[in-house]
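model39.tsv (TSV, C-alpha atoms)
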chain	number	residue	atom	x	y	z
A	146	MET	CA	33.24	41.46	-51.41
A	147	ALA	CA	33.30	45.23	-51.86
A	148	LEU	CA	30.01	47.00	-52.23
A	149	THR	CA	29.97	49.70	-54.89
A	150	ILE	CA	27.51	52.56	-54.69
A	151	GLN	CA	27.44	54.71	-57.81
A	152	PHE	CA	25.89	58.15	-57.72
A	153	VAL	CA	24.34	59.25	-61.01
A	154	PRO	CA	23.61	62.98	-61.32
A	155	TYR	CA	20.37	63.76	-63.12
A	156	ALA	CA	22.37	65.70	-65.75
A	157	GLU	CA	23.82	62.37	-66.94
A	158	ILE	CA	20.43	61.03	-68.03
A	159	GLU	CA	18.60	64.28	-68.70
A	160	ASP	CA	19.18	64.35	-72.46
A	161	LEU	CA	18.73	60.62	-73.05
A	162	GLY	CA	15.56	59.09	-74.47
A	163	PRO	CA	13.45	56.84	-72.18
A	164	ALA	CA	14.96	53.54	-73.40
A	165	ARG	CA	18.57	54.76	-73.12
A	166	ARG	CA	17.92	56.19	-69.63
A	167	VAL	CA	16.54	52.91	-68.39
A	168	ASN	CA	19.27	50.85	-70.04
A	169	LYS	CA	22.04	53.07	-68.65
A	170	LEU	CA	20.79	52.61	-65.08
A	171	LEU	CA	20.13	48.92	-65.56
A	172	ASP	CA	23.58	48.31	-67.04
A	173	LEU	CA	25.13	49.76	-63.87
A	174	ALA	CA	22.96	47.53	-61.68
A	175	ARG	CA	23.98	44.52	-63.78
A	176	GLN	CA	27.60	45.36	-62.95
A	177	ASN	CA	26.63	44.67	-59.31
A	178	LYS	CA	26.58	48.35	-58.41
A	179	ILE	CA	23.98	50.01	-56.23
A	180	VAL	CA	22.80	52.99	-58.24
A	181	VAL	CA	21.75	56.17	-56.49
A	182	LEU	CA	20.12	58.44	-59.07
A	183	GLN	CA	19.55	62.10	-58.33
A	184	GLY	CA	15.87	62.56	-59.10
A	185	ARG	CA	13.40	60.07	-60.42
A	186	LEU	CA	12.25	58.42	-63.60
A	187	LYS	CA	8.85	59.12	-65.07
A	188	LYS	CA	6.14	56.64	-64.07
A	189	GLU	CA	6.12	55.09	-67.54
A	190	GLU	CA	9.92	54.77	-67.41
A	191	GLU	CA	9.65	52.96	-64.06
A	192	ALA	CA	7.35	50.44	-65.75
A	193	ASP	CA	9.80	50.19	-68.66
A	194	LEU	CA	12.61	49.61	-66.16
A	195	ILE	CA	10.72	46.65	-64.72
A	196	ALA	CA	9.89	45.25	-68.17
A	197	ILE	CA	13.47	45.58	-69.46
A	198	THR	CA	14.77	44.08	-66.20
A	199	MET	CA	12.56	41.05	-66.85
A	200	GLU	CA	14.00	40.69	-70.36
A	201	LYS	CA	17.52	40.57	-68.94
A	202	ILE	CA	16.98	38.12	-66.11
A	203	ASN	CA	19.10	35.00	-66.36
A	204	GLU	CA	20.87	32.61	-63.99
A	205	THR	CA	23.30	35.27	-62.76
A	206	PHE	CA	21.17	38.42	-62.96
A	207	LYS	CA	18.05	37.88	-60.85
A	208	GLY	CA	16.51	41.34	-61.19
A	209	ILE	CA	16.60	44.50	-59.12
A	210	GLU	CA	15.39	46.10	-55.95
A	211	LEU	CA	13.98	49.55	-56.58
A	212	ALA	CA	12.95	52.45	-54.37
A	213	VAL	CA	12.09	56.07	-55.06
A	214	ILE	CA	12.01	58.71	-52.36
A	215	GLN	CA	9.97	61.75	-53.20
A	216	PRO	CA	10.55	64.88	-51.16
A	217	GLN	CA	7.73	66.29	-49.05
A	218	SER	CA	5.16	63.62	-49.68
A	219	ARG	CA	3.11	64.86	-46.74
A	220	THR	CA	2.15	68.49	-47.07
A	221	GLU	CA	0.27	69.81	-44.11
A	222	THR	CA	0.08	73.56	-44.43
A	223	LEU	CA	-0.73	75.84	-47.33
A	224	PHE	CA	2.83	77.20	-47.20
A	225	GLU	CA	4.29	73.67	-47.49
A	226	THR	CA	1.94	72.87	-50.37
A	227	VAL	CA	2.99	76.01	-52.23
A	228	LYS	CA	6.66	75.35	-51.41
A	229	SER	CA	6.57	71.78	-52.72
A	230	GLY	CA	4.72	73.01	-55.82
A	231	VAL	CA	7.45	75.57	-56.52
A	232	VAL	CA	10.19	72.98	-55.91
A	233	ASN	CA	8.41	70.66	-58.31
A	234	ILE	CA	8.19	73.32	-61.01
A	235	LEU	CA	11.86	74.29	-60.60
A	236	LEU	CA	13.37	70.84	-60.21
A	237	GLY	CA	10.84	68.58	-61.97
A	238	ASP	CA	12.16	65.04	-62.08
A	239	ARG	CA	15.40	66.13	-60.39
A	240	ALA	CA	13.67	66.14	-57.02
A	241	GLY	CA	14.01	63.03	-54.88
A	242	LEU	CA	16.26	59.99	-55.10
A	243	THR	CA	16.00	56.68	-56.91
A	244	ILE	CA	17.86	53.64	-55.64
A	245	ILE	CA	18.37	50.63	-57.88
A	246	GLY	CA	20.26	47.63	-56.56
A	247	PRO	CA	20.91	44.21	-58.09
A	248	ALA	CA	18.75	41.57	-56.40
A	249	THR	CA	21.79	39.34	-55.93
A	250	ILE	CA	23.22	41.93	-53.51
A	251	VAL	CA	20.25	43.91	-52.22
A	252	LYS	CA	17.83	41.68	-50.38
A	253	GLN	CA	15.20	44.29	-49.65
A	254	ILE	CA	14.66	48.02	-49.63
A	255	LYS	CA	12.11	48.97	-47.00
A	256	LYS	CA	10.58	52.35	-47.51
A	257	ASP	CA	8.58	54.56	-45.21
A	258	PRO	CA	7.63	58.00	-46.39
A	259	ASP	CA	10.67	59.50	-44.62
A	260	LYS	CA	13.45	56.93	-44.79
A	261	ILE	CA	14.88	54.02	-46.71
A	262	GLU	CA	16.37	50.90	-45.13
A	263	LEU	CA	18.55	48.86	-47.43
A	264	PHE	CA	19.21	45.25	-46.50
A	265	THR	CA	22.08	43.57	-48.28
A	266	LYS	CA	22.46	39.84	-48.86
A	267	GLU	CA	26.23	39.48	-48.78
A	268	LEU	CA	26.90	41.50	-45.68
A	269	GLY	CA	23.86	40.37	-43.75
A	270	LYS	CA	23.68	43.84	-42.29
A	271	ARG	CA	21.60	46.86	-43.04
A	272	SER	CA	22.45	50.42	-43.71
A	273	LYS	CA	19.98	53.23	-43.23
A	274	LYS	CA	19.64	56.23	-45.45
A	275	LYS	CA	17.42	59.03	-44.30
A	276	ALA	CA	15.68	61.13	-46.91
B	52	MET	CA	-12.90	74.17	-92.81
B	53	VAL	CA	-16.59	73.15	-92.74
B	54	ILE	CA	-15.61	69.80	-94.28
B	55	ASN	CA	-13.04	69.29	-91.51
B	56	LEU	CA	-15.60	70.05	-88.82
B	57	VAL	CA	-18.05	67.58	-90.38
B	58	LYS	CA	-15.27	64.95	-90.56
B	59	GLN	CA	-14.40	65.50	-86.90
B	60	PHE	CA	-18.07	65.26	-85.91
B	61	ILE	CA	-18.56	62.01	-87.81
B	62	SER	CA	-15.34	60.61	-86.33
B	63	LYS	CA	-16.43	61.52	-82.80
B	64	VAL	CA	-19.90	59.96	-83.25
B	65	TRP	CA	-18.37	56.82	-84.79
B	66	LYS	CA	-15.88	56.47	-81.91
B	67	ASN	CA	-18.66	56.91	-79.36
B	68	ILE	CA	-20.76	54.20	-81.01
B	69	PHE	CA	-17.73	51.89	-80.99
B	70	ARG	CA	-16.92	52.71	-77.36
B	71	LYS	CA	-20.43	51.87	-76.24
B	72	LYS	CA	-20.34	48.52	-78.02
B	73	LYS	CA	-17.06	47.24	-76.59
B	74	HIS	CA	-17.01	45.43	-73.29
B	75	LEU	CA	-15.41	47.03	-70.30
B	76	LYS	CA	-12.05	45.45	-69.48
B	77	LEU	CA	-11.55	45.14	-65.73
B	78	GLY	CA	-7.98	44.23	-64.82
B	79	LEU	CA	-6.67	42.65	-61.65
B	80	TYR	CA	-3.17	43.94	-60.98
B	81	GLY	CA	-0.70	43.72	-58.13
B	82	PRO	CA	2.45	42.06	-56.87
B	83	PRO	CA	2.73	38.24	-56.85
B	84	ASN	CA	0.79	36.30	-54.21
B	85	GLY	CA	-1.52	39.16	-53.32
B	86	GLY	CA	-4.54	37.03	-54.21
B	87	LYS	CA	-5.48	38.28	-57.69
B	88	THR	CA	-6.45	34.84	-58.98
B	89	THR	CA	-8.21	33.97	-55.72
B	90	LEU	CA	-10.30	37.12	-56.19
B	91	ALA	CA	-10.85	36.31	-59.88
B	92	ASN	CA	-12.05	32.85	-58.85
B	93	ARG	CA	-14.34	34.37	-56.22
B	94	ILE	CA	-15.90	36.73	-58.80
B	95	CYS	CA	-16.28	33.96	-61.37
B	96	LYS	CA	-17.74	31.46	-58.87
B	97	ASP	CA	-20.19	34.06	-57.56
B	98	TRP	CA	-21.48	35.15	-60.97
B	99	ILE	CA	-20.85	32.42	-63.54
B	100	GLY	CA	-20.38	29.39	-61.30
B	101	GLU	CA	-16.90	28.38	-62.40
B	102	GLU	CA	-13.30	29.17	-61.43
B	103	MET	CA	-10.84	31.10	-63.56
B	104	GLY	CA	-7.36	29.85	-62.69
B	105	SER	CA	-5.23	27.81	-60.33
B	106	VAL	CA	-3.74	29.25	-57.14
B	107	SER	CA	-0.60	28.28	-55.27
B	108	PRO	CA	1.42	29.40	-52.26
B	109	ILE	CA	4.44	29.50	-54.59
B	110	ALA	CA	4.73	32.92	-56.24
B	111	HIS	CA	4.05	33.44	-59.97
B	112	GLU	CA	1.44	30.72	-60.33
B	113	THR	CA	-0.31	32.95	-62.88
B	114	ARG	CA	2.20	33.49	-65.66
B	115	GLU	CA	-0.12	34.34	-68.54
B	116	ILE	CA	-2.87	36.89	-68.99
B	117	GLN	CA	-6.21	35.15	-68.38
B	118	ILE	CA	-9.50	36.57	-69.58
B	119	LYS	CA	-13.03	35.61	-68.63
B	120	GLU	CA	-15.50	37.30	-70.93
B	121	GLN	CA	-18.96	38.71	-70.30
B	122	ILE	CA	-19.32	38.56	-66.55
B	123	THR	CA	-22.44	40.29	-65.29
B	124	ILE	CA	-22.66	41.28	-61.66
B	125	LYS	CA	-25.73	42.70	-59.97
B	126	SER	CA	-26.09	44.91	-56.94
B	127	LYS	CA	-29.03	46.95	-55.68
B	128	GLY	CA	-30.94	46.68	-58.96
B	129	LYS	CA	-27.94	47.66	-61.10
B	130	GLU	CA	-26.02	45.49	-63.56
B	131	LEU	CA	-22.40	45.65	-64.61
B	132	LEU	CA	-21.07	43.74	-67.63
B	133	PHE	CA	-17.32	43.35	-68.07
B	134	ASN	CA	-14.47	41.17	-69.27
B	135	LEU	CA	-12.29	40.16	-66.34
B	136	VAL	CA	-8.53	40.18	-66.99
B	137	ASP	CA	-6.36	38.38	-64.42
B	138	THR	CA	-2.71	39.36	-64.83
B	139	PRO	CA	0.57	37.83	-63.65
B	140	GLY	CA	2.01	39.47	-60.52
B	141	ILE	CA	4.38	42.34	-61.24
B	142	ALA	CA	7.81	42.01	-59.65
B	143	THR	CA	11.25	43.57	-60.07
B	144	LYS	CA	13.10	40.32	-59.44
B	145	ILE	CA	12.54	36.63	-60.15
B	146	ASP	CA	14.91	34.02	-58.78
B	147	TYR	CA	14.48	30.41	-59.83
B	148	GLU	CA	16.29	29.34	-56.66
B	149	GLU	CA	13.39	30.68	-54.60
B	150	PHE	CA	11.11	28.21	-56.42
B	151	MET	CA	13.58	25.42	-55.63
B	152	LYS	CA	13.46	26.37	-51.95
B	153	ALA	CA	9.69	25.89	-52.21
B	154	GLY	CA	10.28	22.31	-53.37
B	155	MET	CA	10.45	22.55	-57.15
B	156	LYS	CA	13.01	20.69	-59.25
B	157	GLU	CA	15.71	22.87	-60.85
B	158	LYS	CA	14.47	22.35	-64.40
B	159	ASP	CA	10.89	23.21	-63.46
B	160	ALA	CA	12.03	26.17	-61.35
B	161	LYS	CA	14.02	27.62	-64.25
B	162	ALA	CA	11.11	27.14	-66.64
B	163	ARG	CA	8.74	28.80	-64.16
B	164	ALA	CA	11.12	31.76	-63.76
B	165	LYS	CA	11.39	32.20	-67.53
B	166	GLU	CA	7.61	32.11	-67.97
B	167	ALA	CA	7.18	34.47	-65.01
B	168	THR	CA	9.47	37.13	-66.54
B	169	LYS	CA	7.43	37.01	-69.74
B	170	GLY	CA	4.25	37.25	-67.67
B	171	VAL	CA	5.44	40.44	-65.97
B	172	ILE	CA	6.24	42.02	-69.35
B	173	ASP	CA	2.79	41.06	-70.68
B	174	ALA	CA	1.07	42.47	-67.59
B	175	ILE	CA	2.83	45.82	-68.10
B	176	LYS	CA	1.98	45.85	-71.82
B	177	TRP	CA	-1.68	45.22	-71.01
B	178	LEU	CA	-1.94	48.28	-68.77
B	179	ASP	CA	-2.94	50.36	-71.80
B	180	GLU	CA	-5.82	48.00	-72.60
B	181	MET	CA	-7.61	48.40	-69.28
B	182	ASP	CA	-10.74	50.47	-68.70
B	183	ALA	CA	-10.61	50.06	-64.92
B	184	VAL	CA	-8.28	48.24	-62.56
B	185	VAL	CA	-8.53	46.58	-59.19
B	186	VAL	CA	-5.13	46.59	-57.49
B	187	VAL	CA	-4.97	43.60	-55.17
B	188	LEU	CA	-2.57	43.99	-52.24
B	189	ASP	CA	-1.73	41.59	-49.45
B	190	ALA	CA	-2.90	43.48	-46.35
B	191	THR	CA	-0.30	41.72	-44.19
B	192	LEU	CA	2.61	43.23	-46.13
B	193	ASP	CA	4.23	46.66	-46.27
B	194	PRO	CA	2.21	48.70	-48.80
B	195	TYR	CA	5.08	51.13	-49.52
B	196	SER	CA	6.84	48.71	-51.90
B	197	GLN	CA	7.98	50.39	-55.11
B	198	VAL	CA	6.11	47.84	-57.23
B	199	ASN	CA	2.80	48.94	-55.66
B	200	ILE	CA	3.67	52.59	-56.15
B	201	THR	CA	4.81	52.03	-59.75
B	202	ILE	CA	1.65	50.11	-60.66
B	203	ILE	CA	-0.66	52.70	-59.14
B	204	GLY	CA	1.41	55.59	-60.53
B	205	ASN	CA	1.20	54.15	-64.04
B	206	LEU	CA	-2.55	53.69	-63.78
B	207	GLN	CA	-2.86	57.26	-62.55
B	208	ALA	CA	-0.69	58.53	-65.44
B	209	ARG	CA	-2.96	56.69	-67.88
B	210	LYS	CA	-6.07	58.07	-66.15
B	211	ILE	CA	-7.42	54.55	-65.52
B	212	PRO	CA	-9.86	54.35	-62.57
B	213	VAL	CA	-8.40	52.36	-59.66
B	214	LEU	CA	-9.92	50.50	-56.73
B	215	ILE	CA	-7.54	49.07	-54.15
B	216	VAL	CA	-8.37	45.79	-52.47
B	217	ALA	CA	-6.64	45.01	-49.19
B	218	ASN	CA	-6.82	41.23	-49.37
B	219	LYS	CA	-6.27	38.55	-46.69
B	220	ILE	CA	-8.08	40.43	-43.90
B	221	ASP	CA	-8.78	37.02	-42.35
B	222	LEU	CA	-5.14	37.00	-41.22
B	223	LYS	CA	-4.17	38.57	-37.89
B	224	LYS	CA	-1.32	40.62	-39.36
B	225	ALA	CA	-3.63	42.38	-41.86
B	226	LYS	CA	-3.56	46.16	-41.60
B	227	ILE	CA	-6.07	47.89	-43.87
B	228	LYS	CA	-5.38	51.29	-42.34
B	229	LYS	CA	-1.74	51.13	-43.37
B	230	ILE	CA	-2.81	50.65	-47.01
B	231	GLN	CA	-5.34	53.47	-46.68
B	232	SER	CA	-2.68	55.83	-45.35
B	233	ALA	CA	-0.24	54.79	-48.11
B	234	PHE	CA	-2.79	55.53	-50.86
B	235	PRO	CA	-5.19	58.11	-49.37
B	236	GLN	CA	-6.48	59.27	-52.76
B	237	TYR	CA	-8.05	55.88	-53.54
B	238	ASP	CA	-10.91	53.82	-52.15
B	239	VAL	CA	-9.52	50.84	-50.24
B	240	ILE	CA	-11.78	47.87	-49.49
B	241	GLY	CA	-10.66	45.15	-47.11
B	242	ILE	CA	-11.71	41.65	-48.12
B	243	SER	CA	-10.81	38.02	-47.80
B	244	ALA	CA	-11.09	36.66	-51.33
B	245	LYS	CA	-10.42	33.17	-49.98
B	246	TYR	CA	-13.32	33.15	-47.52
B	247	GLY	CA	-15.59	35.69	-49.23
B	248	THR	CA	-15.46	38.21	-46.39
B	249	SER	CA	-16.78	41.67	-47.42
B	250	VAL	CA	-17.06	40.75	-51.10
B	251	ASP	CA	-20.48	42.45	-51.29
B	252	GLN	CA	-18.76	45.67	-50.32
B	253	PHE	CA	-16.18	44.96	-53.03
B	254	TYR	CA	-18.91	44.53	-55.68
B	255	GLU	CA	-20.46	47.84	-54.64
B	256	GLY	CA	-16.99	49.35	-54.97
B	257	LEU	CA	-16.81	48.03	-58.55
B	258	PHE	CA	-20.03	49.85	-59.47
B	259	ALA	CA	-18.65	53.06	-57.98
B	260	LEU	CA	-15.38	52.52	-59.87
B	261	VAL	CA	-16.93	52.40	-63.33
B	262	SER	CA	-19.81	54.80	-62.84

Show this structure as C-alpha cells.
Amino acid sequence: MALTIQFVPYAEIEDLGPARRVNKLLDLARQNKIVVLQGRLKKEEEADLIAITMEKINETFKGIELAVIQPQSRTETLFETVKSGVVNILLGDRAGLTIIGPATIVKQIKKDPDKIELFTKELGKRSKKKA
Amino acid sequence: MVINLVKQFISKVWKNIFRKKKHLKLGLYGPPNGGKTTLANRICKDWIGEEMGSVSPIAHETREIQIKEQITIKSKGKELLFNLVDTPGIATKIDYEEFMKAGMKEKDAKARAKEATKGVIDAIKWLDEMDAVVVVLDATLDPYSQVNITIIGNLQARKIPVLIVANKIDLKKAKIKKIQSAFPQYDVIGISAKYGTSVDQFYEGLFALVS
C-alpha cells in the first residue's frame, strides 16, 4: 500500500475560518493521507480538530495522530530570545510544522523538542523527520 | 455618559457579588488512563468519605462528565470549597478493536467507543467552565504527546490556572523530572493517587493554585 504525504502550504488555509481550516485538514487525513501543514493551528483550533475528529470516528476512520513542532522552543541567550520573537512576529502561525496522520496508518508520532519520529502501522517501520 | 458609568459600575458590582457566590469548579483533565478518576476518588474519600467513579485498566472508563459538589479540603488552618469535575480522557483516536483486545465483546466495544468519542467532545466543551484545572499525567509515559500540549495550551489560552500532577510515581518507570522539563512554567507534583503517596503535597498545591 502506497503511503501518501501531502504538504499543505499555510497560504492554503490562511483565509479560511477556523471550522473550514480544521475540516480541510481532517478531510485529507480521512483520505488516508499524512498531512504536513506549514505552520500550526491556533490552540483553540487544535482542540476543535480533536472534537471534530471525534464526531467523525466510525468503524473505518479511527481518529488521527497529531504532532506540532514549534521552532526554537528552547531559547538560551538574549539574542536567541529576540530572534525567536522577531520570527514569531513576522511569521506568526506560519512558523513550525503540523503533522496529522490517520490512526489507521500512523501508529504513533513520538516527539522530542527537536525531532519527530513517525511510526506507521502498515509498513511496520519508522521514518524520522528532524525539525 | 454619567449614566453609562453608573451602569458599568452597577454591572461590575453585580458580577462580583455573583462571582463570589458561585462555587469554584476544579477540573481534572488529561489523556485516558492517567489516573484522573483514581485521583478524584482519593480526594472524595479523603474529604467526604465516598468514591466518585469506577476505574479500569481499559482506557475510557470515564465517558461522561462527573461532578461532586461542595468538597471542602483543609490544610494548615485554611479551607478550600470547590465542585470537583472529573472529565473523560482526551484522545485523538479511539479504536473499538483495542477494547476487544482487552477482552470486550464487539458490541460492547463499539458502544464504549461511541460513548468515549462523545465524552472527549464534552470534556473539550467543558474547558470554558473551569475555574482551575489539575492536569493528570501518567509519569511513566512520554509527556511530549500532542494531547498533553493541546490541553495545557488551551488552558493557558483561556487563562485558567493549571497544576500538573505526575501520577503513578509508585511505578519504577515514573519520571517526574521529564514532565517538569516538558512543562517548566507550571508546578508539577508527583503523587500516587492509588496509594496516596504525596497527596498532602498535592492538597497544598491546590491551595496555591486558587489563591

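Within 8 Å of chain B, and using only C-alpha atoms, the residues found on chain A are Lys188, Glu189, Glu191, Ala192, Ile195, Ala196, Thr198, Met199, Glu200, Ile202, Glu204, Lys207, Gly208, Ile209, Glu210, Leu211, Ala212, Val213, Ala248, Lys255, Lys256, Asp257 and Pro258 of chain A.
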
### Message
Show me the residues around (10.4, 28.8, -58.7) - criterion: an atom at most 6 Å away, all atoms listed in the file counted - as a PyMOL selection string.
### Response
chain B and resi 147+149-151+160+163-164

### Query
So how far away is atom CA of Asn134 of chain B from atom CA of Val261 of chain B, in Å?
12.9 Å

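Going from atom CA of Val213 of chain B to atom CA of Val184 of chain B covers 5.0 Å.
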
### Task
Considering all atoms listed in the file, return as a list in words whatever protein or nucleic-acid residues lie within 12 Å of Tyr254 of chain B, sequence-local ones (same chain, fewer than 5 positions apart) excluded.
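Those residues are Leu90, Arg93, Ile94, Asp97, Trp98, Thr123, Ile124, Lys125, Ser126, Lys127, Lys129, Glu130, Leu131, Val185, Leu214, Val216, Ile240, Gly241, Ile242, Ala244, Gly247, Thr248, Ser249, Ala259, Leu260 and Val261 of chain B.
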
### Query
Which of these residues is nearest to Ser262 of chain B, using all atoms listed in the file: B:Asp182, B:Glu115, B:Gly86, B:Leu188?
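Answer, going by the shortest atom-to-atom distance: B:Asp182.
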
### Message
From the options A:Ala240, A:Pro216, A:Phe224, A:Pro247, which residue's atoms come nearest to Leu170 of chain A, counting all atoms listed in the file?
### Response
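Ranked by minimum distance to Leu170 of chain A, first place goes to A:Pro247.
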
### Message
Using all atoms listed in the file and a cutoff of 12 Å, can you tell me which residues are near (2.2, 30.9, -56.6) in the file's coordinates, and write them out as number ranges by chain?
### Response
B: 82-89, 104-114, 139-140, 149-150, 153, 155, 160, 163-164, 167

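Coordinates place atom CA of Lys210 of chain B at a distance of 26.9 Å from atom CA of Asn92 of chain B.
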
### Message
Could you list, as a PyMOL selection string, every residue within 8 Å of segment 149-165 of chain A, counting all atoms listed in the file and ignoring same-chain residues fewer than 6 positions away?
### Response
chain A and resi 177-184+190+193+239

Since fewer atoms than expected are present, regenerate N, CA and C atoms for segment 187-210 of chain B and write them as a JSON list (two decimals), keeping the file's coordinate frame.
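Result file is part.json:
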[["chain", "number", "residue", "atom", "x", "y", "z"],
["B", 187, "VAL", "N", -4.79, 44.53, -56.28],
["B", 187, "VAL", "CA", -4.97, 43.60, -55.17],
["B", 187, "VAL", "C", -3.67, 43.53, -54.36],
["B", 188, "LEU", "N", -3.75, 43.99, -53.12],
["B", 188, "LEU", "CA", -2.57, 43.99, -52.24],
["B", 188, "LEU", "C", -2.78, 43.06, -51.06],
["B", 189, "ASP", "N", -1.70, 42.42, -50.65],
["B", 189, "ASP", "CA", -1.73, 41.59, -49.45],
["B", 189, "ASP", "C", -1.69, 42.52, -48.24],
["B", 190, "ALA", "N", -2.78, 42.53, -47.46],
["B", 190, "ALA", "CA", -2.90, 43.48, -46.35],
["B", 190, "ALA", "C", -1.95, 43.18, -45.19],
["B", 191, "THR", "N", -1.25, 42.03, -45.27],
["B", 191, "THR", "CA", -0.30, 41.72, -44.19],
["B", 191, "THR", "C", 1.10, 42.26, -44.50],
["B", 192, "LEU", "N", 1.27, 42.78, -45.73],
["B", 192, "LEU", "CA", 2.61, 43.23, -46.13],
["B", 192, "LEU", "C", 2.71, 44.75, -46.18],
["B", 193, "ASP", "N", 3.96, 45.23, -46.19],
["B", 193, "ASP", "CA", 4.23, 46.66, -46.27],
["B", 193, "ASP", "C", 3.69, 47.23, -47.59],
["B", 194, "PRO", "N", 2.77, 48.19, -47.54],
["B", 194, "PRO", "CA", 2.21, 48.70, -48.80],
["B", 194, "PRO", "C", 3.13, 49.65, -49.54],
["B", 195, "TYR", "N", 4.22, 50.12, -48.90],
["B", 195, "TYR", "CA", 5.08, 51.13, -49.52],
["B", 195, "TYR", "C", 6.10, 50.53, -50.50],
["B", 196, "SER", "N", 5.88, 49.30, -50.96],
["B", 196, "SER", "CA", 6.84, 48.71, -51.90],
["B", 196, "SER", "C", 6.77, 49.48, -53.21],
["B", 197, "GLN", "N", 7.92, 49.58, -53.88],
["B", 197, "GLN", "CA", 7.98, 50.39, -55.11],
["B", 197, "GLN", "C", 7.12, 49.79, -56.21],
["B", 198, "VAL", "N", 6.97, 48.46, -56.20],
["B", 198, "VAL", "CA", 6.11, 47.84, -57.23],
["B", 198, "VAL", "C", 4.68, 48.37, -57.09],
["B", 199, "ASN", "N", 4.17, 48.41, -55.86],
["B", 199, "ASN", "CA", 2.80, 48.94, -55.66],
["B", 199, "ASN", "C", 2.70, 50.37, -56.15],
["B", 200, "ILE", "N", 3.70, 51.17, -55.79],
["B", 200, "ILE", "CA", 3.67, 52.59, -56.15],
["B", 200, "ILE", "C", 3.79, 52.77, -57.67],
["B", 201, "THR", "N", 4.64, 51.95, -58.29],
["B", 201, "THR", "CA", 4.81, 52.03, -59.75],
["B", 201, "THR", "C", 3.53, 51.62, -60.48],
["B", 202, "ILE", "N", 2.89, 50.54, -60.01],
["B", 202, "ILE", "CA", 1.65, 50.11, -60.66],
["B", 202, "ILE", "C", 0.59, 51.22, -60.56],
["B", 203, "ILE", "N", 0.39, 51.70, -59.36],
["B", 203, "ILE", "CA", -0.66, 52.70, -59.14],
["B", 203, "ILE", "C", -0.30, 54.01, -59.85],
["B", 204, "GLY", "N", 0.97, 54.38, -59.83],
["B", 204, "GLY", "CA", 1.41, 55.59, -60.53],
["B", 204, "GLY", "C", 1.18, 55.50, -62.03],
["B", 205, "ASN", "N", 1.42, 54.32, -62.60],
["B", 205, "ASN", "CA", 1.20, 54.15, -64.04],
["B", 205, "ASN", "C", -0.27, 54.19, -64.40],
["B", 206, "LEU", "N", -1.10, 53.64, -63.53],
["B", 206, "LEU", "CA", -2.55, 53.69, -63.78],
["B", 206, "LEU", "C", -3.03, 55.14, -63.70],
["B", 207, "GLN", "N", -2.50, 55.86, -62.71],
["B", 207, "GLN", "CA", -2.86, 57.26, -62.55],
["B", 207, "GLN", "C", -2.42, 58.07, -63.78],
["B", 208, "ALA", "N", -1.20, 57.82, -64.26],
["B", 208, "ALA", "CA", -0.69, 58.53, -65.44],
["B", 208, "ALA", "C", -1.54, 58.25, -66.67],
["B", 209, "ARG", "N", -2.11, 57.05, -66.73],
["B", 209, "ARG", "CA", -2.96, 56.69, -67.88],
["B", 209, "ARG", "C", -4.43, 57.04, -67.65],
["B", 210, "LYS", "N", -4.71, 57.66, -66.51],
["B", 210, "LYS", "CA", -6.07, 58.07, -66.15],
["B", 210, "LYS", "C", -7.06, 56.88, -66.12]]
